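Visitor: start_11.cif is the file, holding mmCIF, C-alpha atoms:
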```cif
data_coords
#
loop_
_atom_site.label_atom_id
_atom_site.label_comp_id
_atom_site.auth_asym_id
_atom_site.auth_seq_id
_atom_site.Cartn_x
_atom_site.Cartn_y
_atom_site.Cartn_z
CA MET Z 1 -62.23 -64.05 25.07
CA ALA Z 2 -59.78 -66.88 24.72
CA ALA Z 3 -60.95 -70.42 25.39
CA PHE Z 4 -60.96 -71.78 28.95
CA ALA Z 5 -57.94 -73.61 30.33
CA SER Z 6 -58.75 -76.71 32.34
CA LEU Z 7 -56.46 -77.43 35.22
CA ALA Z 8 -55.69 -80.40 37.39
CA ALA Z 9 -55.32 -78.63 40.71
CA HIS Z 10 -52.84 -79.64 43.34
CA ALA Z 11 -54.06 -79.64 46.92
CA ARG Z 12 -52.54 -76.17 47.39
CA ASP Z 13 -51.31 -74.39 44.31
CA ILE Z 14 -52.67 -73.88 40.81
CA LYS Z 15 -50.68 -72.56 37.87
CA ALA Z 16 -51.90 -72.04 34.31
CA THR Z 17 -50.60 -70.06 31.36
CA LYS Z 18 -52.44 -68.71 28.33
CA SER Z 19 -51.50 -66.44 25.46
CA ALA Z 20 -53.80 -63.65 24.32
CA GLY Z 21 -53.05 -60.62 22.18
CA GLY Z 22 -49.42 -59.68 22.70
CA TYR Z 23 -49.26 -61.25 26.18
CA ARG Z 24 -48.46 -64.49 27.96
CA ILE Z 25 -50.55 -64.48 31.14
CA GLU Z 26 -49.69 -66.83 34.00
CA LEU Z 27 -52.37 -67.41 36.66
CA ASN Z 28 -51.33 -68.59 40.12
CA VAL Z 29 -53.70 -69.54 42.94
CA LEU Z 30 -51.71 -70.06 46.13
CA SER Z 31 -52.22 -69.99 49.89
CA ALA Z 32 -53.05 -66.53 51.30
CA GLU Z 33 -49.94 -64.45 52.02
CA PRO Z 34 -49.34 -61.62 54.50
CA PHE Z 35 -48.81 -58.03 53.38
CA ALA Z 36 -47.03 -55.33 55.34
CA GLY Z 37 -48.11 -52.31 53.28
CA ALA Z 38 -46.86 -50.32 50.32
CA GLY Z 39 -43.09 -50.35 49.99
CA MET Z 40 -42.76 -52.95 52.76
CA ALA Z 41 -41.82 -56.62 52.54
CA MET Z 42 -44.79 -58.96 52.56
CA GLY Z 43 -44.99 -60.28 56.10
CA GLY Z 44 -41.25 -59.95 56.61
CA SER Z 45 -40.80 -63.51 55.42
CA MET Z 46 -40.34 -65.48 52.26
CA SER Z 47 -43.21 -65.70 49.80
CA ALA Z 48 -44.50 -69.27 49.59
CA HIS Z 49 -44.84 -69.13 45.81
CA THR Z 50 -41.53 -67.55 44.83
CA GLY Z 51 -39.21 -68.20 47.76
CA MET Z 52 -38.40 -64.47 47.71
CA MET Z 53 -39.45 -61.46 49.72
CA MET Z 54 -42.13 -59.35 48.03
CA VAL Z 55 -42.71 -55.60 48.02
CA VAL Z 56 -45.98 -53.80 47.25
CA LYS Z 57 -45.43 -51.32 44.42
CA GLY Z 58 -48.91 -49.85 44.04
CA GLY Z 59 -52.47 -50.55 43.02
CA ALA Z 60 -55.30 -51.40 45.41
CA ALA Z 61 -55.05 -51.88 49.15
CA PRO Z 62 -53.82 -55.35 50.10
CA VAL Z 63 -56.28 -57.75 51.75
CA GLU Z 64 -54.41 -58.91 54.83
CA ALA Z 65 -54.18 -62.66 55.46
CA ASP Z 66 -55.93 -62.13 58.82
CA ALA Z 67 -58.75 -59.92 57.40
CA ALA Z 68 -62.34 -60.39 58.54
CA SER Z 69 -63.12 -61.95 55.13
CA HIS Z 70 -60.80 -64.86 56.05
CA PRO Z 71 -58.90 -64.97 52.74
CA ASN Z 72 -57.55 -68.42 52.00
CA HIS Z 73 -55.91 -67.92 48.59
CA HIS Z 74 -53.41 -65.53 46.98
CA LEU Z 75 -54.73 -65.08 43.43
CA VAL Z 76 -52.14 -63.43 41.16
CA VAL Z 77 -51.15 -63.12 37.52
CA HIS Z 78 -47.75 -62.58 35.95
CA VAL Z 79 -47.95 -60.77 32.61
CA TYR Z 80 -45.24 -61.11 29.96
CA ASP Z 81 -44.79 -59.54 26.54
CA ARG Z 82 -44.99 -62.44 24.07
CA ALA Z 83 -42.40 -60.99 21.71
CA SER Z 84 -39.71 -60.07 24.24
CA GLY Z 85 -40.60 -62.39 27.13
CA LYS Z 86 -40.21 -59.46 29.54
CA ALA Z 87 -42.61 -58.83 32.41
CA ALA Z 88 -45.19 -56.10 31.85
CA ALA Z 89 -44.39 -53.91 34.84
CA ASN Z 90 -46.94 -51.16 34.17
CA ALA Z 91 -49.95 -53.07 32.87
CA GLU Z 92 -53.55 -52.21 33.67
CA VAL Z 93 -54.86 -55.50 35.08
CA THR Z 94 -58.32 -56.51 36.29
CA ILE Z 95 -59.16 -59.90 37.78
CA THR Z 96 -62.60 -61.31 38.54
CA TYR Z 97 -63.80 -64.78 39.50
CA VAL Z 98 -67.15 -66.52 39.67
CA PRO Z 99 -68.08 -69.92 41.12
CA LEU Z 100 -69.39 -72.46 38.60
CA ASP Z 101 -71.96 -75.23 38.97
CA LYS Z 102 -71.39 -78.77 37.67
CA GLY Z 103 -72.64 -77.66 34.25
CA GLY Z 104 -70.08 -74.85 34.05
CA ARG Z 105 -72.66 -72.09 34.59
CA ALA Z 106 -72.23 -69.20 37.03
CA ALA Z 107 -73.42 -70.35 40.46
CA GLY Z 108 -72.92 -67.16 42.45
CA PRO Z 109 -71.89 -63.54 42.18
CA GLN Z 110 -68.87 -62.42 40.21
CA MET Z 111 -66.18 -61.13 42.58
CA SER Z 112 -63.67 -58.42 41.66
CA VAL Z 113 -60.13 -58.77 42.99
CA PRO Z 114 -58.63 -55.49 44.25
CA VAL Z 115 -55.40 -55.68 42.24
CA VAL Z 116 -52.15 -54.95 44.11
CA VAL Z 117 -48.96 -54.53 42.06
CA MET Z 118 -46.05 -56.50 43.60
CA GLU Z 119 -42.46 -57.43 42.80
CA ALA Z 120 -39.72 -59.50 44.40
CA ILE Z 121 -37.22 -57.49 46.48
CA GLY Z 122 -33.97 -57.14 44.58
CA LYS Z 123 -35.47 -58.49 41.34
CA GLY Z 124 -36.97 -55.23 40.11
CA PRO Z 125 -39.75 -54.75 37.57
CA GLY Z 126 -38.95 -58.06 35.85
CA SER Z 127 -40.67 -59.86 38.73
CA THR Z 128 -43.86 -57.74 38.68
CA HIS Z 129 -47.13 -59.54 39.33
CA TYR Z 130 -50.71 -58.49 40.04
CA GLY Z 131 -53.41 -59.75 42.43
CA ASN Z 132 -54.40 -60.06 46.08
CA ASN Z 133 -55.62 -62.39 48.79
CA VAL Z 134 -59.16 -63.68 48.22
CA THR Z 135 -61.70 -66.00 49.83
CA MET Z 136 -62.63 -68.95 47.62
CA SER Z 137 -64.42 -72.08 48.85
CA PRO Z 138 -63.57 -75.45 47.33
CA GLY Z 139 -65.16 -75.87 43.91
CA ALA Z 140 -64.95 -74.83 40.28
CA TYR Z 141 -64.39 -71.22 39.18
CA ARG Z 142 -63.92 -69.12 36.08
CA VAL Z 143 -61.19 -66.51 36.53
CA ASP Z 144 -61.33 -63.64 34.02
CA VAL Z 145 -58.22 -61.51 33.53
CA THR Z 146 -57.97 -58.34 31.46
CA VAL Z 147 -54.55 -56.89 30.62
CA ASN Z 148 -54.56 -53.52 28.87
CA GLY Z 149 -57.89 -54.44 27.25
CA THR Z 150 -56.89 -58.01 26.29
CA LYS Z 151 -59.16 -60.59 27.94
CA VAL Z 152 -58.52 -64.22 28.85
CA SER Z 153 -60.45 -66.75 30.97
CA PHE Z 154 -59.23 -69.68 33.04
CA SER Z 155 -61.34 -72.52 34.46
CA ILE Z 156 -59.96 -73.84 37.74
CA LYS Z 157 -60.98 -76.30 40.43
CA LEU Z 158 -59.95 -75.81 44.05
#
```
Show me the file's structure as structure tokens.
Guide:
Amino acid sequence: MAAFASLAAHARDIKATKSAGGYRIELNVLSAEPFAGAGMAMGGSMSAHTGMMMVVKGGAAPVEADAASHPNHHLVVHVYDRASGKAAANAEVTITYVPLDKGGRAAGPQMSVPVVVMEAIGKGPGSTHYGNNVTMSPGAYRVDVTVNGTKVSFSIKL
């Protein structure tokens, strides 16, 4: 795995980028966003992180912003080919996260993110990104991302 990336988190959004294998992987942790189902615009409104309407293209079932789990973050990754700079629109992506104690050790169970494949309406596959709404309490986390077998880890603080 690649080395951790330390981030200075804003009150709301986190963004970090790492390169691994043939990919540039951009992690975004944002406020939870509504979904309206496969092929439908997310919530019928603008996405807070892109300013564009999103459409679900496949993958796992979306976790709705008003789900019983009370998701408070939209955890997504954008995956780009390092050579061409183009978005990887058909990547196999897994995302997990685990809370960390003050010593950087796992302090709870590892959680798997049910990965939804999304893109911006009218932008096509070049805007593809992967992730879902999740519930994360304030604190430190390690987020592990695997793209077509290539692994990278991010350290974040919410």
Visitor: May I ask which of the residues Z:Val55, Z:Pro109, Z:Ser19, Z:Val63 is the closest one to Gly122 of chain Z, counting only C-alpha atoms?
Guide: Z:Val55
Visitor: Written as a ChimeraX atom specification, which residues does the PyMOL selection byres ((chain Z and resi 94) around 9) give for the file shown?
Guide: /Z:92-93,95-96,112-115,130-131,144-148
Visitor: Quick one: which residues end up in the PyMOL selection byres ((chain Z and resi 73-88) around 6) for this structure, as a PyMOL selection string?
Guide: chain Z and resi 22-32+71-72+89-91+126+129-134
Visitor: Please list as an mmCIF file with C-alpha atoms, keeping the file's coordinate frame every residue within 9 Å of Asp101 of chain Z, counting all atoms listed in the file and excluding residues in the same chain fewer than 6 positions away.
Guide:
```
data_model
loop_
_atom_site.group_PDB
_atom_site.id
_atom_site.type_symbol
_atom_site.label_atom_id
_atom_site.label_comp_id
_atom_site.auth_asym_id
_atom_site.auth_seq_id
_atom_site.Cartn_x
_atom_site.Cartn_y
_atom_site.Cartn_z
ATOM 1 C CA ALA Z 107 -73.420 -70.350 40.460
ATOM 2 C CA GLY Z 108 -72.920 -67.160 42.450
ATOM 3 C CA GLY Z 139 -65.160 -75.870 43.910
ATOM 4 C CA ALA Z 140 -64.950 -74.830 40.280
ATOM 5 C CA TYR Z 141 -64.390 -71.220 39.180
#
```
Visitor: Looking at all atoms listed in the file, which of Z:Lys151, Z:Gly124, Z:Arg105, Z:Ser69 is the one that sits closest to Ser137 of chain Z?
Guide: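 Under the stated criterion, the closest residue is Z:Ser69.
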Visitor: Which one of Z:Met54, Z:Gly21, Z:Lys102, Z:Thr135 sits closest to Pro34 of chain Z if you count only C-alpha atoms?
Guide: Z:Met54
Visitor: Determine the residue membership of the PyMOL selection byres ((chain Z and resi 58) around 7) for the file above and supply it as a list of chain:residue names.
Guide: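 Going through the file, the PyMOL selection byres ((chain Z and resi 58) around 7) ends up selecting Z:Ala38, Z:Val56, Z:Lys57, Z:Gly59, Z:Ala60, Z:Val116, Z:Val117.
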Visitor: Could you tell me how far atom CA of Ile121 of chain Z sits from atom CA of Ala68 of chain Z, in Å to one decimal place?
Guide: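 About the pair atom CA of Ala68 of chain Z and atom CA of Ile121 of chain Z: they are 28.0 Å apart.
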Visitor: Between Z:Gln110, Z:Thr128, Z:Ala20, Z:Glu119, which one has atoms that come closest to Gly149 of chain Z, using only C-alpha atoms?
Guide: Z:Ala20
Visitor: Just to confirm, what's the straight-line distance from atom CA of Pro138 of chain Z to atom CA of Gly104 of chain Z in Å (one decimal)?
Guide: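 Atom CA of Gly104 of chain Z lies 14.8 Å from atom CA of Pro138 of chain Z.
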